[in-house]
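What follows is one structure encoded as structure tokens, with my remarks underneath.
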Amino acid sequence: MGKIAELLSNPGEILPLAKIYLASRAATKLPKDPKLAFCYDILNKVSRSFAVVIQQLPNPLRDAICVFYLVLRGLDTVEDDMSIPIKTKVPILKSFHEKIFQRDFSMDCGTHHYQRLMNEFGIVVDVFLSLDPASQDVIADITKGMGDGMAKFIEKEVKKTSEYDLYCHYVAGLVGIGLSQLFAASGLEAPEIAKDKVLANHMGLFLQKTNIIRDYLEDVQEYPEPRMFWPREIWGQYTAKLEDLKETNMRTQAVQCLNHMVLDALQHMPHSIEYMQRLQNTQVFRFCAIPQIMAAGTLALCYDNGKVFEGPVKLRRGLTASVFDRCSDMHDLYSWFLAFLDMLEHKVLYDVAGEDPTPGGGVGQE
């Protein structure tokens with residue numbers, strides 16, 4: 001009943017929802033090649049929204065990015081599996097870029113669809129080895145950098161915001177750099193797009209910081225031990241222990257800290273806009289812009305929202321579908337960014353508590 005009421009309240013989202021449903025169905029149609037079919041099937045399982053966007057890319061770029069995503073998802077699964085002893089995990093992270101050249105490589109780690117990915121990772125390796133050498137080089141190079149970076153932070157507390165930026169660079173900024181290199185190698189984008197690593201890094205940081213903010217509760221409740229990526233330099237201004245922010249009696253401090261984290265993430269938005277201004281191919285633009293718009297919307301939703309400390313906070317499906325439906329050029333991008341910035345402005349002017357120490361807190365309060 002709630003979903004019906006939501007649709008009736010937002011009738012303009014009904015058609016986009018129908019379109020994204022059809023696009024999702026189309027994304028489940030698998031290639032005839034059984035190994036490629038496995039890759040796209042598991043991609044749909046681990047990231048349905050990403051699968052829809054990637055299916056719109058032309059080949060051979062589409063297959064290269066599919067494999068790139070699955071390789072990095074495999075690496076991320078190793079990092080995320082807290083049951084793997086650190087002395088075992090670190091060497092795997094550092095050598096994962098070599099294992100993607102080893103046919104029949106597999107691991108038993110992760111859960112659910114991620115466990116299936118790792119158990120049958122040899123299939124991903126086979127498809128990786130069928131890619132052109134330039135794509136293989138990009139994927140292997142980024143995998144090495146990410147694995148080395150993950151290993152550095154396995155036992156390292158993120159204290160300073162500079163360390164926070166560095167961690168996000170390793171796990172997401174490098175992804176943006178690698179994608180830029182694949183775009184250029186495909187010929188769909190100019191060679192210059194691969195050279196501007198600074199802007200590509202900002203793209204990745206914007207997405208990763210949004211995920212870290214949104215996933216606070218999931219990370220601190222991770223079993224057998226919590227995963228904490230919020231930098232002490234920020235959360236230490238509001239609490240003695242990061243995990244205490246989830247307690248109801250800490251809600252005021254928690255929201256103030258949350259607002260601080262959101263403002264930190266927003267600094268990357270102008271750079272992501274500059275990056276997307278340089279893209280020439282519409283399909284590549286959509287592939288890059290949709291996640292950036294979703295991140296902006298998620299930050300606007302999370303800002304001053306205590307529900308972040310109670311469970312998942314997500315944009316409603318109809319709004320997500322509308323982003324997918326109306327994202328073809330910079331005009332669309334500006335429209336979405338301005339809409340979410342308006343949402344943020346309204347919160348700052350009217351909703352944020354007067355004692356909130358973050359910039360803008362209390363503005364417009366009586």
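In the structure tokens, chains take letters A, B, ... by order of appearance, with residues numbered from 1 within each chain and ligands from 1 in the order shown.
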#### Entry: Tyr40 of chain A surroundings by only C-alpha atoms, 7 Å radius, close-in-sequence under 4 positions cut, as a PyMOL selection string
chain A and resi 30+36+44
Pull all heavy atoms from the residues just selected and write them as an mmCIF file, in the first residue's frame.
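File written: out_6.cif
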data_model
loop_
_atom_site.group_PDB
_atom_site.id
_atom_site.type_symbol
_atom_site.label_atom_id
_atom_site.label_comp_id
_atom_site.auth_asym_id
_atom_site.auth_seq_id
_atom_site.Cartn_x
_atom_site.Cartn_y
_atom_site.Cartn_z
ATOM 1 N N LEU A 30 21.411 -12.844 -21.647
ATOM 2 C CA LEU A 30 22.839 -13.130 -21.582
ATOM 3 C C LEU A 30 23.429 -13.434 -22.955
ATOM 4 O O LEU A 30 22.729 -13.916 -23.861
ATOM 5 C CB LEU A 30 23.080 -14.318 -20.651
ATOM 6 C CG LEU A 30 22.517 -14.156 -19.230
ATOM 7 C CD1 LEU A 30 22.753 -15.425 -18.421
ATOM 8 C CD2 LEU A 30 23.129 -12.956 -18.536
ATOM 9 N N LEU A 36 31.096 -15.551 -21.094
ATOM 10 C CA LEU A 36 30.576 -14.178 -21.011
ATOM 11 C C LEU A 36 29.217 -14.167 -20.319
ATOM 12 O O LEU A 36 28.902 -13.246 -19.559
ATOM 13 C CB LEU A 36 30.442 -13.585 -22.415
ATOM 14 C CG LEU A 36 31.622 -12.784 -22.966
ATOM 15 C CD1 LEU A 36 31.332 -12.343 -24.388
ATOM 16 C CD2 LEU A 36 31.920 -11.576 -22.080
ATOM 17 N N ASN A 44 24.697 -9.073 -12.825
ATOM 18 C CA ASN A 44 23.311 -8.755 -12.472
ATOM 19 C C ASN A 44 23.011 -9.098 -11.020
ATOM 20 O O ASN A 44 22.228 -8.410 -10.366
ATOM 21 C CB ASN A 44 22.354 -9.533 -13.380
ATOM 22 C CG ASN A 44 22.018 -8.779 -14.649
ATOM 23 O OD1 ASN A 44 21.249 -7.839 -14.635
ATOM 24 N ND2 ASN A 44 22.612 -9.197 -15.757
#
### Query
What's the 9 Å shell around Ile213 of chain A, counting only C-alpha atoms, without same-chain residues fewer than 4 positions away, as a PyMOL selection string?
chain A and resi 208-209+229-230+258+261-262+265+299+302+308
### Task
Please give the complete set of residues from segment 209-356 of chain A that DSSP, run on the backbone, assigns to helix (DSSP H, G or I), formatted as a PyMOL selection string.
chain A and resi 209-214+216-220+232-235+242-246+248-266+269-277+282-302+306-309+317-325+330-351
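Atom pair atom CA of Phe68 of chain A / atom CA of Ala134 of chain A has a distance of 12.5 Å (rounded to one decimal).
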### Summary
Closest of A:Ala18, A:Asn305, A:Cys288, A:Leu341 to Ser328 of chain A, counting only C-alpha atoms, is A:Cys288
### Query
Which residues, written as a list in words, have at least one atom at most 8 Å from Cys39 of chain A, with only C-alpha atoms counted and residues fewer than 5 positions away on the same chain left out?
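Near Cys39 of chain A, the qualifying residues are Cys66, Val67, Leu70, Ile123 and Val124 of chain A.
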Closest contacts (segment 220-304 of chain A/segment 317-325 of chain A, max 8 Å, only C-alpha atoms) as a tab-separated table:
residue	atom	partner	partner_atom	distance
A:Ile290	CA	A:Phe324	CA	6.5
A:Ile293	CA	A:Val323	CA	7.4
A:Met294	CA	A:Thr320	CA	7.2
Take the residues from that selection and put them in a file with N, CA, C and O atoms, as a CSV table (one decimal), in the first residue's frame.
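Once written, result16.csv looks like this:
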chain,number,residue,atom,x,y,z
A,290,ILE,N,25.2,8.9,-14.3
A,290,ILE,CA,24.1,8.3,-13.5
A,290,ILE,C,24.6,8.0,-12.1
A,290,ILE,O,23.9,8.4,-11.1
A,293,ILE,N,25.0,11.4,-10.2
A,293,ILE,CA,23.8,12.0,-9.8
A,293,ILE,C,23.2,11.2,-8.6
A,293,ILE,O,22.7,11.9,-7.7
A,294,MET,N,23.2,9.9,-8.6
A,294,MET,CA,22.7,9.1,-7.5
A,294,MET,C,23.4,9.4,-6.2
A,294,MET,O,22.8,9.5,-5.2
### Query
Any idea what's packed within 10 Å of Asp244 of chain A, counting only C-alpha atoms, ignoring anything in its chain fewer than 6 positions away? Could you give it as a list of chain:residue names?
A:Val220, A:Met250, A:Arg251, A:Gln253, A:Ala254
Write the residues of the selection above to a file with all heavy atoms, as a tab-separated table (two decimals), in the first residue's frame.
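Contents of selection.tsv, freshly written:
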chain	number	residue	atom	x	y	z
A	220	VAL	N	29.73	-0.65	11.01
A	220	VAL	CA	30.07	-0.77	12.44
A	220	VAL	C	29.47	-2.02	13.07
A	220	VAL	O	29.90	-2.45	14.15
A	220	VAL	CB	29.63	0.48	13.25
A	220	VAL	CG1	30.34	1.72	12.75
A	220	VAL	CG2	28.13	0.65	13.27
A	250	MET	N	22.79	9.45	21.47
A	250	MET	CA	23.86	10.21	20.82
A	250	MET	C	23.38	10.83	19.51
A	250	MET	O	24.18	11.29	18.70
A	250	MET	CB	25.05	9.28	20.54
A	250	MET	CG	25.80	8.83	21.77
A	250	MET	SD	26.78	10.17	22.49
A	250	MET	CE	28.04	10.38	21.24
A	251	ARG	N	22.07	10.88	19.31
A	251	ARG	CA	21.56	11.26	18.00
A	251	ARG	C	21.96	12.68	17.59
A	251	ARG	O	22.29	12.92	16.43
A	251	ARG	CB	20.04	11.10	17.96
A	251	ARG	CG	19.39	11.28	16.58
A	251	ARG	CD	20.03	10.42	15.50
A	251	ARG	NE	20.23	9.04	15.86
A	251	ARG	CZ	19.33	8.09	15.70
A	251	ARG	NH1	18.15	8.37	15.22
A	251	ARG	NH2	19.63	6.85	16.04
A	253	GLN	N	24.69	14.46	18.41
A	253	GLN	CA	26.10	14.44	17.99
A	253	GLN	C	26.28	13.64	16.70
A	253	GLN	O	27.10	14.00	15.85
A	253	GLN	CB	26.98	13.84	19.09
A	253	GLN	CG	26.97	14.63	20.40
A	253	GLN	CD	25.94	14.10	21.39
A	253	GLN	OE1	24.83	13.73	21.00
A	253	GLN	NE2	26.33	14.06	22.67
A	254	ALA	N	25.51	12.55	16.58
A	254	ALA	CA	25.62	11.70	15.39
A	254	ALA	C	25.24	12.48	14.13
A	254	ALA	O	25.94	12.41	13.10
A	254	ALA	CB	24.73	10.47	15.54
### Query
So which residues touch segment 138-152 of chain A within 6 Å, counting only C-alpha atoms, skipping near sequence neighbours fewer than 3 positions away, as a list in words?
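Residues meeting the cut-off are Phe68, Val90, Leu93, Lys94, His97, Ser135, Tyr170 and Val171 of chain A.
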Please dump the current selection as a CSV table (one decimal), in the first residue's frame; keep C-alpha atoms.
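Resulting contents of selection-v1.csv:
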chain,number,residue,atom,x,y,z
A,68,PHE,CA,37.1,-4.8,-14.8
A,90,VAL,CA,47.4,-9.3,3.0
A,93,LEU,CA,45.5,-8.6,-1.8
A,94,LYS,CA,49.0,-7.8,-2.9
A,97,HIS,CA,46.7,-8.7,-9.9
A,135,SER,CA,42.5,-3.5,-21.6
A,170,TYR,CA,42.9,3.3,-3.5
A,171,VAL,CA,39.5,1.7,-3.5
#### Entry: Asn281 of chain A surroundings by only C-alpha atoms, 12 Å radius, close-in-sequence under 4 positions cut, as a ChimeraX atom specification
/A:56-58,183-184,186-190,193,276-277,285-289,328-330
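Picture a line from atom CA of Leu338 of chain A to atom CA of Lys307 of chain A; it runs 23.8 Å.
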### Query
Do you know which residues are at most 10 Å from Gln237 of chain A counting only C-alpha atoms, after dropping those on the same chain fewer than 2 positions away, and could you put them as number ranges by chain?
A: 232-235, 239-240, 253, 256-257, 260, 357
### Task
Between A:Phe153, A:Gln115, A:Pro60, A:Lys195, single out the one closest to Glu79 of chain A, counting only C-alpha atoms.
A:Phe153
### Task
Choose the residue, out of A:Cys327, A:Met228, A:Ala296, A:Leu301, that has the smallest atom-to-atom separation from Asp80 of chain A; count only C-alpha atoms.
A:Met228
### Message
As an exercise, work out the distance from atom CA of Leu182 of chain A to atom CA of Ser49 of chain A in Å and give it to one decimal place.
### Response
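Taking atom CA of Leu182 of chain A as the start and atom CA of Ser49 of chain A as the end point, the length is 20.4 Å.
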### Query
With distances taken over only C-alpha atoms, which of A:Val52, A:Val175, A:Val158, A:Leu131 is nearest to Tyr69 of chain A?
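Ranking A:Val52, A:Val175, A:Val158, A:Leu131 by distance to Tyr69 of chain A, first place goes to A:Val175.
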